[in-house]
$ cat structure_7.tsv   # TSV, C-alpha atoms
chain	number	residue	atom	x	y	z
A	25	MET	CA	-4.15	-28.19	-0.63
A	26	GLU	CA	-1.20	-30.39	-1.50
A	27	HIS	CA	2.02	-28.72	-2.57
A	28	PRO	CA	5.74	-29.51	-2.54
A	29	ASP	CA	7.31	-29.22	0.92
A	30	TRP	CA	9.94	-26.79	-0.38
A	31	LEU	CA	7.31	-24.12	-1.08
A	32	TRP	CA	5.66	-23.50	2.30
A	33	ARG	CA	4.45	-25.20	5.46
A	34	THR	CA	0.86	-26.23	6.21
A	35	PRO	CA	0.54	-25.09	9.84
A	36	GLU	CA	-2.40	-25.32	12.18
A	37	PRO	CA	-3.67	-21.88	13.23
A	38	LYS	CA	-2.41	-20.59	16.55
A	39	LYS	CA	-4.74	-19.02	19.09
A	40	SER	CA	-3.39	-15.52	18.51
A	41	TYR	CA	-1.14	-13.45	16.27
A	42	ASP	CA	0.18	-9.92	16.20
A	43	VAL	CA	-1.39	-9.45	12.75
A	44	VAL	CA	-3.99	-11.46	10.88
A	45	ILE	CA	-4.40	-10.85	7.15
A	46	VAL	CA	-7.60	-12.08	5.54
A	47	GLY	CA	-7.03	-13.20	1.96
A	48	ALA	CA	-4.04	-15.15	0.60
A	49	GLY	CA	-3.97	-13.55	-2.81
A	50	GLY	CA	-1.07	-11.50	-4.10
A	51	HIS	CA	-1.85	-8.51	-1.91
A	52	GLY	CA	-2.24	-10.52	1.29
A	53	LEU	CA	0.94	-12.51	0.66
A	54	ALA	CA	2.97	-9.44	-0.28
A	55	THR	CA	1.73	-7.63	2.83
A	56	ALA	CA	2.79	-10.52	5.03
A	57	TYR	CA	6.20	-10.66	3.35
A	58	TYR	CA	6.89	-6.96	3.81
A	59	LEU	CA	5.63	-7.03	7.42
A	60	ALA	CA	8.40	-9.53	8.09
A	61	ARG	CA	11.06	-8.11	5.81
A	62	ASN	CA	10.60	-4.37	6.43
A	63	HIS	CA	9.19	-4.28	9.95
A	64	GLY	CA	10.37	-7.45	11.66
A	65	ILE	CA	6.80	-8.55	12.40
A	66	THR	CA	6.70	-12.31	11.86
A	67	ASN	CA	3.93	-13.46	14.23
A	68	VAL	CA	1.51	-13.14	11.32
A	69	ALA	CA	-1.19	-15.38	9.85
A	70	VAL	CA	-2.62	-15.14	6.35
A	71	LEU	CA	-6.05	-16.78	6.29
A	72	GLU	CA	-7.56	-18.05	3.04
A	73	LYS	CA	-11.00	-19.64	2.79
A	74	GLY	CA	-10.02	-21.55	-0.36
A	75	TRP	CA	-6.53	-22.22	-1.61
A	76	LEU	CA	-3.60	-19.87	-1.78
A	77	ALA	CA	-3.90	-17.44	-4.72
A	78	GLY	CA	-7.09	-19.11	-5.93
A	79	GLY	CA	-9.03	-15.90	-6.42
A	80	ASN	CA	-8.17	-12.91	-8.59
A	81	MET	CA	-4.44	-13.63	-8.32
A	82	ALA	CA	-4.89	-16.65	-10.60
A	83	ARG	CA	-7.68	-15.04	-12.65
A	84	ASN	CA	-6.06	-11.90	-14.03
A	85	THR	CA	-4.17	-11.13	-17.23
A	86	THR	CA	-0.79	-10.33	-15.64
A	87	ILE	CA	-0.23	-6.84	-17.07
A	88	ILE	CA	2.18	-4.57	-15.17
A	89	ARG	CA	2.43	-0.84	-15.85
A	90	SER	CA	2.54	2.50	-14.03
A	91	ASN	CA	1.38	5.01	-16.66
A	92	TYR	CA	-1.58	6.38	-14.70
A	93	LEU	CA	-2.69	9.98	-15.03
A	94	TRP	CA	-3.12	11.30	-11.51
A	95	ASP	CA	-0.14	11.95	-9.26
A	96	GLU	CA	-1.49	9.76	-6.46
A	97	SER	CA	-2.02	6.77	-8.74
A	98	ALA	CA	1.27	7.28	-10.53
A	99	GLY	CA	3.06	7.36	-7.18
A	100	ILE	CA	1.87	3.99	-5.91
A	101	TYR	CA	2.00	2.20	-9.28
A	102	GLU	CA	5.49	3.50	-10.11
A	103	HIS	CA	6.70	2.44	-6.65
A	104	SER	CA	5.29	-0.97	-7.46
A	105	LEU	CA	6.95	-1.12	-10.89
A	106	LYS	CA	10.31	-0.25	-9.35
A	107	LEU	CA	9.83	-3.10	-6.87
A	108	TRP	CA	8.92	-5.45	-9.72
A	109	GLU	CA	12.23	-4.61	-11.39
A	110	GLY	CA	14.21	-6.00	-8.46
A	111	LEU	CA	11.73	-8.53	-7.14
A	112	ARG	CA	13.14	-11.67	-8.73
A	113	GLU	CA	16.42	-11.19	-6.88
A	114	ASP	CA	14.64	-10.14	-3.69
A	115	LEU	CA	12.35	-13.18	-3.63
A	116	GLU	CA	14.94	-15.53	-5.16
A	117	TYR	CA	12.35	-16.90	-7.56
A	118	ASP	CA	12.00	-16.40	-11.31
A	119	PHE	CA	8.39	-15.46	-11.99
A	120	LEU	CA	9.08	-14.56	-15.65
A	121	PHE	CA	8.81	-10.78	-15.43
A	122	SER	CA	9.06	-9.60	-19.03
A	123	GLN	CA	9.39	-5.85	-19.65
A	124	ARG	CA	8.03	-5.93	-23.18
A	125	GLY	CA	6.20	-2.59	-22.94
A	126	VAL	CA	2.55	-1.56	-23.06
A	127	LEU	CA	1.02	0.25	-26.02
A	128	ASN	CA	-2.29	2.15	-25.64
A	129	LEU	CA	-3.80	2.93	-29.03
A	130	ALA	CA	-5.65	6.13	-29.95
A	131	HIS	CA	-8.46	6.02	-32.51
A	132	THR	CA	-10.16	9.41	-32.07
A	133	LEU	CA	-9.06	12.98	-31.48
A	134	GLN	CA	-10.21	12.63	-27.88
A	135	ASP	CA	-8.02	9.53	-27.52
A	136	VAL	CA	-5.08	11.52	-28.91
A	137	ARG	CA	-5.63	14.40	-26.49
A	138	GLU	CA	-6.04	12.08	-23.52
A	139	GLY	CA	-2.98	10.03	-24.50
A	140	MET	CA	-0.72	13.04	-24.94
A	141	ARG	CA	-1.94	14.48	-21.65
A	142	ARG	CA	-1.15	11.22	-19.88
A	143	VAL	CA	2.32	10.96	-21.44
A	144	ASN	CA	3.13	14.49	-20.28
A	145	ALA	CA	1.79	13.77	-16.79
A	146	ASN	CA	3.89	10.59	-16.65
A	147	ARG	CA	7.03	12.47	-17.62
A	148	LEU	CA	6.40	15.10	-14.95
A	149	ASN	CA	6.22	12.22	-12.44
A	150	GLY	CA	9.45	10.65	-13.70
A	151	ILE	CA	7.65	7.76	-15.42
A	152	ASP	CA	8.77	6.58	-18.83
A	153	GLY	CA	6.20	7.46	-21.46
A	154	GLU	CA	6.26	8.29	-25.15
A	155	TRP	CA	3.74	9.36	-27.77
A	156	LEU	CA	4.00	7.28	-30.96
A	157	THR	CA	2.78	8.11	-34.45
A	158	PRO	CA	0.95	5.41	-36.46
A	159	ASP	CA	4.21	4.53	-38.25
A	160	GLU	CA	6.00	4.22	-34.89
A	161	VAL	CA	3.14	2.04	-33.59
A	162	ALA	CA	3.69	-0.27	-36.56
A	163	LYS	CA	7.40	-0.53	-35.75
A	164	VAL	CA	6.71	-1.44	-32.12
A	165	CYS	CA	4.01	-3.98	-33.02
A	166	PRO	CA	3.98	-4.87	-36.72
A	167	ILE	CA	0.87	-7.08	-36.49
A	168	VAL	CA	-1.43	-4.18	-35.48
A	169	ASN	CA	-3.62	-3.07	-38.37
A	170	THR	CA	-2.55	0.55	-38.89
A	171	SER	CA	-4.30	0.94	-42.25
A	172	PRO	CA	-6.21	4.26	-42.55
A	173	ASP	CA	-9.05	2.43	-44.32
A	174	VAL	CA	-10.68	0.84	-41.29
A	175	ARG	CA	-13.58	1.79	-39.04
A	176	TYR	CA	-11.35	3.13	-36.26
A	177	PRO	CA	-7.93	3.92	-37.74
A	178	VAL	CA	-4.93	4.08	-35.41
A	179	LEU	CA	-4.02	7.75	-34.92
A	180	GLY	CA	-1.13	7.04	-32.57
A	181	GLY	CA	-0.58	5.64	-29.13
A	182	THR	CA	1.10	5.92	-25.77
A	183	TRP	CA	4.08	3.67	-25.07
A	184	GLN	CA	5.61	2.66	-21.74
A	185	PRO	CA	8.72	0.56	-22.48
A	186	ARG	CA	9.29	-0.56	-18.85
A	187	ALA	CA	5.83	-2.12	-18.56
A	188	GLY	CA	5.18	-5.77	-19.25
A	189	ILE	CA	3.83	-9.03	-17.87
A	190	ALA	CA	4.72	-11.69	-15.29
A	191	LYS	CA	3.45	-15.17	-14.50
A	192	HIS	CA	0.85	-14.56	-11.82
A	193	ASP	CA	0.85	-17.89	-9.97
A	194	TYR	CA	4.65	-17.86	-9.81
A	195	VAL	CA	4.46	-14.42	-8.19
A	196	ALA	CA	2.11	-15.75	-5.52
A	197	TRP	CA	4.33	-18.76	-4.85
A	198	ALA	CA	7.40	-16.55	-4.60
A	199	PHE	CA	5.83	-14.27	-1.97
A	200	ALA	CA	4.33	-17.23	-0.10
A	201	ARG	CA	7.64	-19.10	0.01
A	202	LYS	CA	9.55	-16.12	1.36
A	203	ALA	CA	6.86	-15.17	3.89
A	204	ASP	CA	6.80	-18.76	5.14
A	205	ARG	CA	10.58	-18.73	5.59
A	206	TYR	CA	10.20	-15.70	7.85
A	207	GLY	CA	7.77	-17.72	9.99
A	208	VAL	CA	4.48	-16.36	8.66
A	209	ASP	CA	1.66	-18.94	8.90
A	210	LEU	CA	-0.19	-19.44	5.60
A	211	ILE	CA	-3.46	-21.14	6.53
A	212	GLN	CA	-5.65	-22.42	3.70
A	213	GLY	CA	-9.19	-23.71	4.06
A	214	CYS	CA	-9.76	-21.20	6.86
A	215	GLU	CA	-12.79	-19.03	6.19
A	216	VAL	CA	-13.35	-15.90	8.26
A	217	THR	CA	-17.02	-15.79	9.24
A	218	GLY	CA	-17.02	-12.84	11.65
A	219	PHE	CA	-15.06	-10.77	14.13
A	220	ILE	CA	-14.35	-10.82	17.83
A	221	THR	CA	-14.90	-7.34	19.23
A	222	ASP	CA	-14.48	-5.37	22.42
A	223	GLY	CA	-16.55	-2.23	22.07
A	224	ASN	CA	-15.42	-0.43	18.92
A	225	ARG	CA	-12.28	-2.51	18.65
A	226	VAL	CA	-11.65	-5.82	16.89
A	227	THR	CA	-9.58	-8.32	18.83
A	228	GLY	CA	-9.77	-11.30	16.51
A	229	VAL	CA	-11.68	-13.24	13.89
A	230	GLU	CA	-14.15	-16.09	13.97
A	231	THR	CA	-13.31	-18.83	11.47
A	232	ASN	CA	-14.53	-22.27	10.47
A	233	ARG	CA	-11.47	-23.56	12.35
A	234	GLY	CA	-12.17	-21.70	15.56
A	235	PRO	CA	-11.49	-18.18	16.91
A	236	ILE	CA	-8.13	-16.53	16.24
A	237	HIS	CA	-7.13	-13.46	18.23
A	238	ALA	CA	-5.08	-10.65	16.70
A	239	GLY	CA	-3.60	-7.30	17.59
A	240	ARG	CA	-4.44	-5.90	14.15
A	241	ILE	CA	-6.45	-7.29	11.26
A	242	GLY	CA	-5.97	-6.44	7.60
A	243	LEU	CA	-8.67	-7.30	5.08
A	244	ALA	CA	-7.29	-8.07	1.62
A	245	ALA	CA	-10.18	-10.14	0.29
A	246	ALA	CA	-11.05	-8.08	-2.82
A	247	GLY	CA	-14.84	-7.81	-3.21
A	248	HIS	CA	-15.49	-9.97	-0.16
A	249	THR	CA	-13.82	-7.28	1.96
A	250	SER	CA	-17.10	-5.36	1.85
A	251	VAL	CA	-19.05	-8.47	2.88
A	252	LEU	CA	-16.84	-8.93	5.94
A	253	ALA	CA	-16.82	-5.23	6.83
A	254	SER	CA	-20.61	-5.14	6.69
A	255	THR	CA	-20.78	-7.59	9.63
A	256	LEU	CA	-19.32	-4.75	11.72
A	257	GLY	CA	-21.73	-2.18	10.33
A	258	ILE	CA	-19.14	-0.68	7.93
A	259	ARG	CA	-20.59	-0.04	4.49
A	260	LEU	CA	-17.69	0.19	2.06
A	261	PRO	CA	-18.30	1.98	-1.27
A	262	LEU	CA	-17.61	-1.10	-3.40
A	263	GLN	CA	-19.40	-2.88	-6.22
A	264	SER	CA	-18.20	-6.26	-7.41
A	265	HIS	CA	-18.38	-7.25	-11.07
A	266	PRO	CA	-17.13	-10.21	-13.11
A	267	LEU	CA	-14.24	-9.45	-15.45
A	268	GLN	CA	-13.66	-12.02	-18.17
A	269	ALA	CA	-10.43	-13.04	-19.79
A	270	LEU	CA	-9.70	-15.65	-22.42
A	271	VAL	CA	-6.80	-17.40	-24.08
A	272	SER	CA	-6.18	-18.84	-27.52
A	273	GLU	CA	-4.44	-22.00	-28.56
A	274	LEU	CA	-0.64	-21.97	-28.45
A	275	LEU	CA	0.95	-19.93	-31.23
A	276	GLU	CA	4.46	-19.18	-32.37
A	277	PRO	CA	5.85	-15.89	-30.94
A	278	VAL	CA	4.19	-13.19	-33.07
A	279	HIS	CA	3.05	-10.52	-30.60
A	280	PRO	CA	6.01	-8.64	-29.10
A	281	THR	CA	4.28	-6.36	-26.60
A	282	VAL	CA	0.96	-5.62	-24.83
A	283	VAL	CA	-1.59	-3.70	-26.91
A	284	MET	CA	-4.64	-1.98	-25.43
A	285	SER	CA	-7.43	-0.11	-27.14
A	286	ASN	CA	-10.07	1.68	-25.12
A	287	HIS	CA	-12.13	2.72	-28.14
A	288	VAL	CA	-12.22	-0.61	-29.95
A	289	HIS	CA	-12.09	-2.08	-26.45
A	290	VAL	CA	-9.82	-5.02	-26.13
A	291	TYR	CA	-6.30	-5.71	-24.94
A	292	VAL	CA	-4.06	-8.50	-26.18
A	293	SER	CA	-0.71	-9.91	-25.11
A	294	GLN	CA	1.05	-13.20	-25.77
A	295	ALA	CA	1.93	-15.32	-22.77
A	296	HIS	CA	5.26	-17.04	-22.29
A	297	LYS	CA	3.95	-20.39	-23.53
A	298	GLY	CA	2.47	-18.81	-26.67
A	299	GLU	CA	-1.24	-18.39	-26.05
A	300	LEU	CA	-2.86	-15.01	-26.69
A	301	VAL	CA	-4.30	-13.49	-23.52
A	302	MET	CA	-7.25	-11.17	-24.11
A	303	GLY	CA	-9.74	-9.16	-22.15
A	304	ALA	CA	-11.71	-5.92	-22.15
A	305	GLY	CA	-14.33	-4.38	-19.87
A	306	ILE	CA	-16.26	-5.70	-16.92
A	307	ASP	CA	-19.70	-7.30	-17.11
A	308	SER	CA	-22.24	-4.67	-16.11
A	309	TYR	CA	-24.07	-6.71	-13.48
A	310	ASN	CA	-22.98	-7.22	-9.87
A	311	SER	CA	-21.87	-10.74	-9.01
A	312	TYR	CA	-19.37	-12.89	-7.14
A	313	GLY	CA	-19.65	-15.67	-9.73
A	314	GLN	CA	-16.31	-16.29	-11.42
A	315	ARG	CA	-17.74	-16.36	-14.94
A	316	GLY	CA	-19.10	-13.90	-17.44
A	317	SER	CA	-21.51	-13.40	-20.32
A	318	VAL	CA	-21.13	-14.88	-23.80
A	319	HIS	CA	-21.87	-11.59	-25.57
A	320	VAL	CA	-18.83	-10.01	-23.87
A	321	ILE	CA	-16.63	-12.74	-25.35
A	322	GLU	CA	-18.10	-12.07	-28.79
A	323	GLN	CA	-17.44	-8.33	-28.50
A	324	GLN	CA	-13.86	-8.90	-27.37
A	325	MET	CA	-13.17	-11.25	-30.27
A	326	ALA	CA	-14.62	-8.80	-32.79
A	327	ALA	CA	-12.41	-6.03	-31.36
A	328	ALA	CA	-9.32	-8.25	-31.37
A	329	LEU	CA	-9.81	-9.17	-35.03
A	330	GLU	CA	-10.29	-5.53	-35.95
A	331	LEU	CA	-6.88	-4.71	-34.49
A	332	PHE	CA	-5.16	-8.00	-35.39
A	333	PRO	CA	-6.53	-9.54	-38.61
A	334	VAL	CA	-3.63	-12.02	-38.47
A	335	PHE	CA	-5.46	-13.86	-35.67
A	336	ALA	CA	-8.59	-14.58	-37.73
A	337	HIS	CA	-8.00	-18.35	-37.74
A	338	ALA	CA	-6.78	-18.72	-34.16
A	339	HIS	CA	-8.93	-20.87	-31.87
A	340	LEU	CA	-10.23	-19.75	-28.49
A	341	ILE	CA	-9.68	-22.52	-25.94
A	342	ARG	CA	-10.54	-21.18	-22.49
A	343	THR	CA	-12.34	-18.34	-20.72
A	344	TRP	CA	-12.60	-17.45	-17.06
A	345	GLY	CA	-13.71	-14.63	-14.80
A	346	GLY	CA	-12.28	-12.76	-11.87
A	347	ILE	CA	-14.22	-10.50	-9.54
A	348	VAL	CA	-13.22	-6.84	-9.56
A	349	ASP	CA	-14.21	-4.65	-6.65
A	350	VAL	CA	-14.77	-1.13	-7.93
A	351	THR	CA	-15.05	2.14	-6.00
A	352	PRO	CA	-16.89	5.26	-7.24
A	353	ASP	CA	-13.60	6.85	-8.38
A	354	ALA	CA	-11.95	3.62	-9.67
A	355	SER	CA	-9.12	3.93	-7.14
A	356	PRO	CA	-8.37	1.64	-4.18
A	357	ILE	CA	-9.06	2.04	-0.48
A	358	ILE	CA	-5.99	1.36	1.68
A	359	GLY	CA	-6.05	2.30	5.34
A	360	ARG	CA	-7.93	2.41	8.61
A	361	THR	CA	-11.63	1.84	9.15
A	362	PRO	CA	-13.96	3.37	11.77
A	363	VAL	CA	-13.39	0.23	13.84
A	364	GLU	CA	-10.14	0.29	15.81
A	365	ASN	CA	-7.43	-2.19	14.73
A	366	LEU	CA	-9.26	-3.08	11.49
A	367	PHE	CA	-7.63	-2.05	8.21
A	368	VAL	CA	-8.71	-2.58	4.61
A	369	ASN	CA	-7.02	-2.94	1.25
A	370	CYS	CA	-9.67	-3.19	-1.44
A	371	GLY	CA	-11.30	-1.45	-4.41
A	372	TRP	CA	-8.49	-2.12	-6.87
A	373	GLY	CA	-10.89	-2.79	-9.71
A	374	THR	CA	-8.86	-3.99	-12.66
A	375	GLY	CA	-5.50	-2.73	-11.37
A	376	GLY	CA	-4.72	-5.14	-8.57
A	377	PHE	CA	-2.08	-7.47	-10.01
A	378	LYS	CA	0.30	-4.76	-11.20
A	379	ALA	CA	0.17	-3.16	-7.75
A	380	THR	CA	1.03	-6.37	-5.87
A	381	PRO	CA	4.48	-5.50	-4.44
A	382	GLY	CA	3.68	-1.80	-4.05
A	383	VAL	CA	0.50	-2.28	-2.08
A	384	GLY	CA	2.13	-5.01	-0.01
A	385	TRP	CA	4.82	-2.50	0.92
A	386	VAL	CA	2.43	0.31	1.95
A	387	PHE	CA	-0.22	-1.89	3.57
A	388	ALA	CA	2.47	-3.58	5.66
A	389	HIS	CA	3.63	-0.11	6.77
A	390	THR	CA	0.04	0.83	7.63
A	391	LEU	CA	-0.51	-2.33	9.68
A	392	ALA	CA	2.85	-2.02	11.42
A	393	HIS	CA	2.45	1.63	12.43
A	394	GLY	CA	-1.31	2.11	12.51
A	395	GLU	CA	-0.83	5.04	10.14
A	396	PRO	CA	-0.73	5.18	6.32
A	397	HIS	CA	2.45	5.30	4.30
A	398	GLU	CA	2.78	8.55	2.35
A	399	LEU	CA	1.94	6.67	-0.86
A	400	ASN	CA	-1.40	5.33	0.40
A	401	GLU	CA	-2.38	8.37	2.46
A	402	PRO	CA	-4.51	9.75	-0.43
A	403	PHE	CA	-6.35	6.41	-0.71
A	404	THR	CA	-8.05	6.40	2.68
A	405	LEU	CA	-11.76	5.76	3.16
A	406	GLU	CA	-12.25	9.35	4.31
A	407	ARG	CA	-11.89	10.71	0.76
A	408	PHE	CA	-15.46	9.69	0.04
A	409	THR	CA	-16.67	12.16	2.66
A	410	THR	CA	-14.11	14.92	2.06
A	411	GLY	CA	-14.55	14.77	-1.72
A	412	ALA	CA	-10.80	14.38	-2.39
A	413	LEU	CA	-11.43	11.71	-5.01
A	414	ILE	CA	-8.79	10.21	-7.35
A	415	ASP	CA	-10.85	9.64	-10.45
A	416	GLU	CA	-9.07	7.14	-12.70
A	417	HIS	CA	-12.20	6.03	-14.60
A	418	GLY	CA	-11.36	7.58	-17.94
A	419	ALA	CA	-7.70	8.28	-17.27
A	420	ALA	CA	-6.70	4.63	-17.00
A	421	ALA	CA	-7.89	3.74	-20.53
A	422	VAL	CA	-8.53	-0.03	-20.70
A	423	ALA	CA	-7.69	-0.26	-17.08
A	424	HIS	CA	-5.99	-3.63	-16.76
$ encode --input "structure_7.tsv" --output "structure tokens"
Amino acid sequence: MEHPDWLWRTPEPKKSYDVVIVGAGGHGLATAYYLARNHGITNVAVLEKGWLAGGNMARNTTIIRSNYLWDESAGIYEHSLKLWEGLREDLEYDFLFSQRGVLNLAHTLQDVREGMRRVNANRLNGIDGEWLTPDEVAKVCPIVNTSPDVRYPVLGGTWQPRAGIAKHDYVAWAFARKADRYGVDLIQGCEVTGFITDGNRVTGVETNRGPIHAGRIGLAAAGHTSVLASTLGIRLPLQSHPLQALVSELLEPVHPTVVMSNHVHVYVSQAHKGELVMGAGIDSYNSYGQRGSVHVIEQQMAAALELFPVFAHAHLIRTWGGIVDVTPDASPIIGRTPVENLFVNCGWGTGGFKATPGVGWVFAHTLAHGEPHELNEPFTLERFTTGALIDEHGAAAVAH
């Protein structure tokens, strides 16, 4: 993959590293950066079968927020949001982080109850959150249809002012550039096909460019993490689904924030260049194909026009799909596996991009020490046998 020399090197893989990270998306790159920055571990390789940030990192809708219901989720996402707030200076790269706020609309009494509960939970966790009346919703985002004479009238909404968006590929380049400057090897076109083992311990990976030995291995390959783990007899509780997103033609700045609606089921923001960025729920079938179904696009457009009649004449120009890896409780898995020296970071579903710096921080700690950070301790694989689940299915609203 060609790129300007000032971004990062294109090294040949060495025979061995202290840590090998599989997957050069946002999570893998952030983990490598924080291994070097926080723990002084620089003999690290990030292996990517395709090109750097060519998976979900470049196929998401860039929303950043921390207003999750459960304490465990709020802890890791708020840590991430705080890192986002200082990340431009830390990485010395402007990735266009825009704290324009996120508005979750309520259309039913159940939506109202859930929203108020979440706002109160956020406040107890020190997270900014407000409950807005329909009139206040209209002040925050004047183009939302708040008329009472519609199928699902707006009854209010939750508002997190510190939330926002960032330019996803810039974020990846920023982490990659800094990790490279610490001496981390970013190796593209290097597919991991299996593992080198010694009893119940991994000692390296097999790749299409030869074997690479490692002291510890971290899998950060989204849905393909389960495919790799299965070669060692580990069955991770993951299902992978396509998640579509789409953009409109370029428009003048008209949409000041991010608006989500779980009931009408769409979310809409306006990117820095001017296109509307839209998405909703996952396709119901399991797949690794980076595309989705036409009927999902139709449903998203109908929902968007219900909330934003002003967009009736806008043209859709592009759609794409990412692959979300979903656990039974819609929360990630970050920690050790039953195989010694093998660690996983997966199961983020639709919440991966916003967690990028936060999970990099805690996964780096886990790889450096062999033990979880306090923020990812609740997200270990063992919770699926102990029953200590962190169920964010309904609590996360439109979960992006």
$ closest_residue --input "structure_7.tsv" --among "A:Asn84, A:Gln134, A:Thr380, A:Gln212" --to "Ser104 of chain A" --atoms "only C-alpha atoms"
A:Thr380
$ residues_around --input "structure_7.tsv" --residues "segment 267-282 of chain A" --least-positions-apart "6" --cutoff "8 Å" --atoms "all atoms listed in the file" --output "PDB file with C-alpha atoms, in the coordinates of the input"
ATOM      1  CA  ARG A  83      -7.680 -15.040 -12.650  1.00  0.00           C
ATOM      2  CA  ASN A  84      -6.060 -11.900 -14.030  1.00  0.00           C
ATOM      3  CA  THR A  85      -4.170 -11.130 -17.230  1.00  0.00           C
ATOM      4  CA  ILE A  87      -0.230  -6.840 -17.070  1.00  0.00           C
ATOM      5  CA  ARG A 124       8.030  -5.930 -23.180  1.00  0.00           C
ATOM      6  CA  GLY A 125       6.200  -2.590 -22.940  1.00  0.00           C
ATOM      7  CA  VAL A 126       2.550  -1.560 -23.060  1.00  0.00           C
ATOM      8  CA  LEU A 127       1.020   0.250 -26.020  1.00  0.00           C
ATOM      9  CA  VAL A 164       6.710  -1.440 -32.120  1.00  0.00           C
ATOM     10  CA  CYS A 165       4.010  -3.980 -33.020  1.00  0.00           C
ATOM     11  CA  ILE A 167       0.870  -7.080 -36.490  1.00  0.00           C
ATOM     12  CA  GLY A 188       5.180  -5.770 -19.250  1.00  0.00           C
ATOM     13  CA  TYR A 291      -6.300  -5.710 -24.940  1.00  0.00           C
ATOM     14  CA  VAL A 292      -4.060  -8.500 -26.180  1.00  0.00           C
ATOM     15  CA  SER A 293      -0.710  -9.910 -25.110  1.00  0.00           C
ATOM     16  CA  GLN A 294       1.050 -13.200 -25.770  1.00  0.00           C
ATOM     17  CA  LYS A 297       3.950 -20.390 -23.530  1.00  0.00           C
ATOM     18  CA  GLY A 298       2.470 -18.810 -26.670  1.00  0.00           C
ATOM     19  CA  GLU A 299      -1.240 -18.390 -26.050  1.00  0.00           C
ATOM     20  CA  LEU A 300      -2.860 -15.010 -26.690  1.00  0.00           C
ATOM     21  CA  VAL A 301      -4.300 -13.490 -23.520  1.00  0.00           C
ATOM     22  CA  MET A 302      -7.250 -11.170 -24.110  1.00  0.00           C
ATOM     23  CA  GLY A 303      -9.740  -9.160 -22.150  1.00  0.00           C
ATOM     24  CA  ALA A 304     -11.710  -5.920 -22.150  1.00  0.00           C
ATOM     25  CA  GLY A 305     -14.330  -4.380 -19.870  1.00  0.00           C
ATOM     26  CA  ILE A 306     -16.260  -5.700 -16.920  1.00  0.00           C
ATOM     27  CA  ASP A 307     -19.700  -7.300 -17.110  1.00  0.00           C
ATOM     28  CA  ARG A 315     -17.740 -16.360 -14.940  1.00  0.00           C
ATOM     29  CA  GLY A 316     -19.100 -13.900 -17.440  1.00  0.00           C
ATOM     30  CA  VAL A 320     -18.830 -10.010 -23.870  1.00  0.00           C
ATOM     31  CA  ILE A 321     -16.630 -12.740 -25.350  1.00  0.00           C
ATOM     32  CA  ALA A 338      -6.780 -18.720 -34.160  1.00  0.00           C
ATOM     33  CA  HIS A 339      -8.930 -20.870 -31.870  1.00  0.00           C
ATOM     34  CA  LEU A 340     -10.230 -19.750 -28.490  1.00  0.00           C
ATOM     35  CA  ILE A 341      -9.680 -22.520 -25.940  1.00  0.00           C
ATOM     36  CA  ARG A 342     -10.540 -21.180 -22.490  1.00  0.00           C
ATOM     37  CA  THR A 343     -12.340 -18.340 -20.720  1.00  0.00           C
ATOM     38  CA  TRP A 344     -12.600 -17.450 -17.060  1.00  0.00           C
ATOM     39  CA  GLY A 345     -13.710 -14.630 -14.800  1.00  0.00           C
ATOM     40  CA  GLY A 346     -12.280 -12.760 -11.870  1.00  0.00           C
ATOM     41  CA  ILE A 347     -14.220 -10.500  -9.540  1.00  0.00           C
ATOM     42  CA  VAL A 348     -13.220  -6.840  -9.560  1.00  0.00           C
TER      43      VAL A 348
END
$ closest_residue --input "structure_7.tsv" --among "A:Tyr312, A:Tyr206, A:Phe408, A:Phe219" --to "Ala56 of chain A" --atoms "all atoms listed in the file"
A:Tyr206
$ atom_distance --input "structure_7.tsv" --atom1 "atom CA of Val174 of chain A" --atom2 "atom CA of His131 of chain A"
10.4 Å
$ atom_distance --input "structure_7.tsv" --atom1 "atom CA of Val350 of chain A" --atom2 "atom CA of Asn310 of chain A"
10.4 Å
$ axis_aligned_box --input "structure_7.tsv" --around "segment 294-310 of chain A" --padding-each-side "4 Å" --output "lines of an AutoDock Vina configuration file"
center_x = -9.4
center_y = -12.4
center_z = -18.3
size_x = 37.3
size_y = 24.0
size_z = 24.8
$ atom_distance --input "structure_7.tsv" --atom1 "atom CA of Ile414 of chain A" --atom2 "atom CA of Ser90 of chain A"
15.2 Å
$ closest_atom_pairs --input "structure_7.tsv" --of "segment 95-186 of chain A" --to "segment 383-405 of chain A" --cutoff "8 Å" --atoms "all atoms listed in the file" --output "JSON lines"
{"residue": "A:Glu96", "atom": "CA", "partner": "A:Pro402", "partner_atom": "CA", "distance": 6.7}
{"residue": "A:Gly99", "atom": "CA", "partner": "A:Leu399", "partner_atom": "CA", "distance": 6.5}
{"residue": "A:Ile100", "atom": "CA", "partner": "A:Leu399", "partner_atom": "CA", "distance": 5.7}
{"residue": "A:Ser104", "atom": "CA", "partner": "A:Val383", "partner_atom": "CA", "distance": 7.3}
$ residues_around --input "structure_7.tsv" --residues "Val161 of chain A" --least-positions-apart "2" --cutoff "9 Å" --atoms "all atoms listed in the file" --output "tab-separated table (two decimals) with C-alpha atoms, in the frame of the given file"
chain	number	residue	atom	x	y	z
A	127	LEU	CA	1.02	0.25	-26.02
A	129	LEU	CA	-3.80	2.93	-29.03
A	156	LEU	CA	4.00	7.28	-30.96
A	157	THR	CA	2.78	8.11	-34.45
A	158	PRO	CA	0.95	5.41	-36.46
A	159	ASP	CA	4.21	4.53	-38.25
A	163	LYS	CA	7.40	-0.53	-35.75
A	164	VAL	CA	6.71	-1.44	-32.12
A	165	CYS	CA	4.01	-3.98	-33.02
A	166	PRO	CA	3.98	-4.87	-36.72
A	168	VAL	CA	-1.43	-4.18	-35.48
A	170	THR	CA	-2.55	0.55	-38.89
A	178	VAL	CA	-4.93	4.08	-35.41
A	180	GLY	CA	-1.13	7.04	-32.57
A	181	GLY	CA	-0.58	5.64	-29.13
A	182	THR	CA	1.10	5.92	-25.77
A	183	TRP	CA	4.08	3.67	-25.07
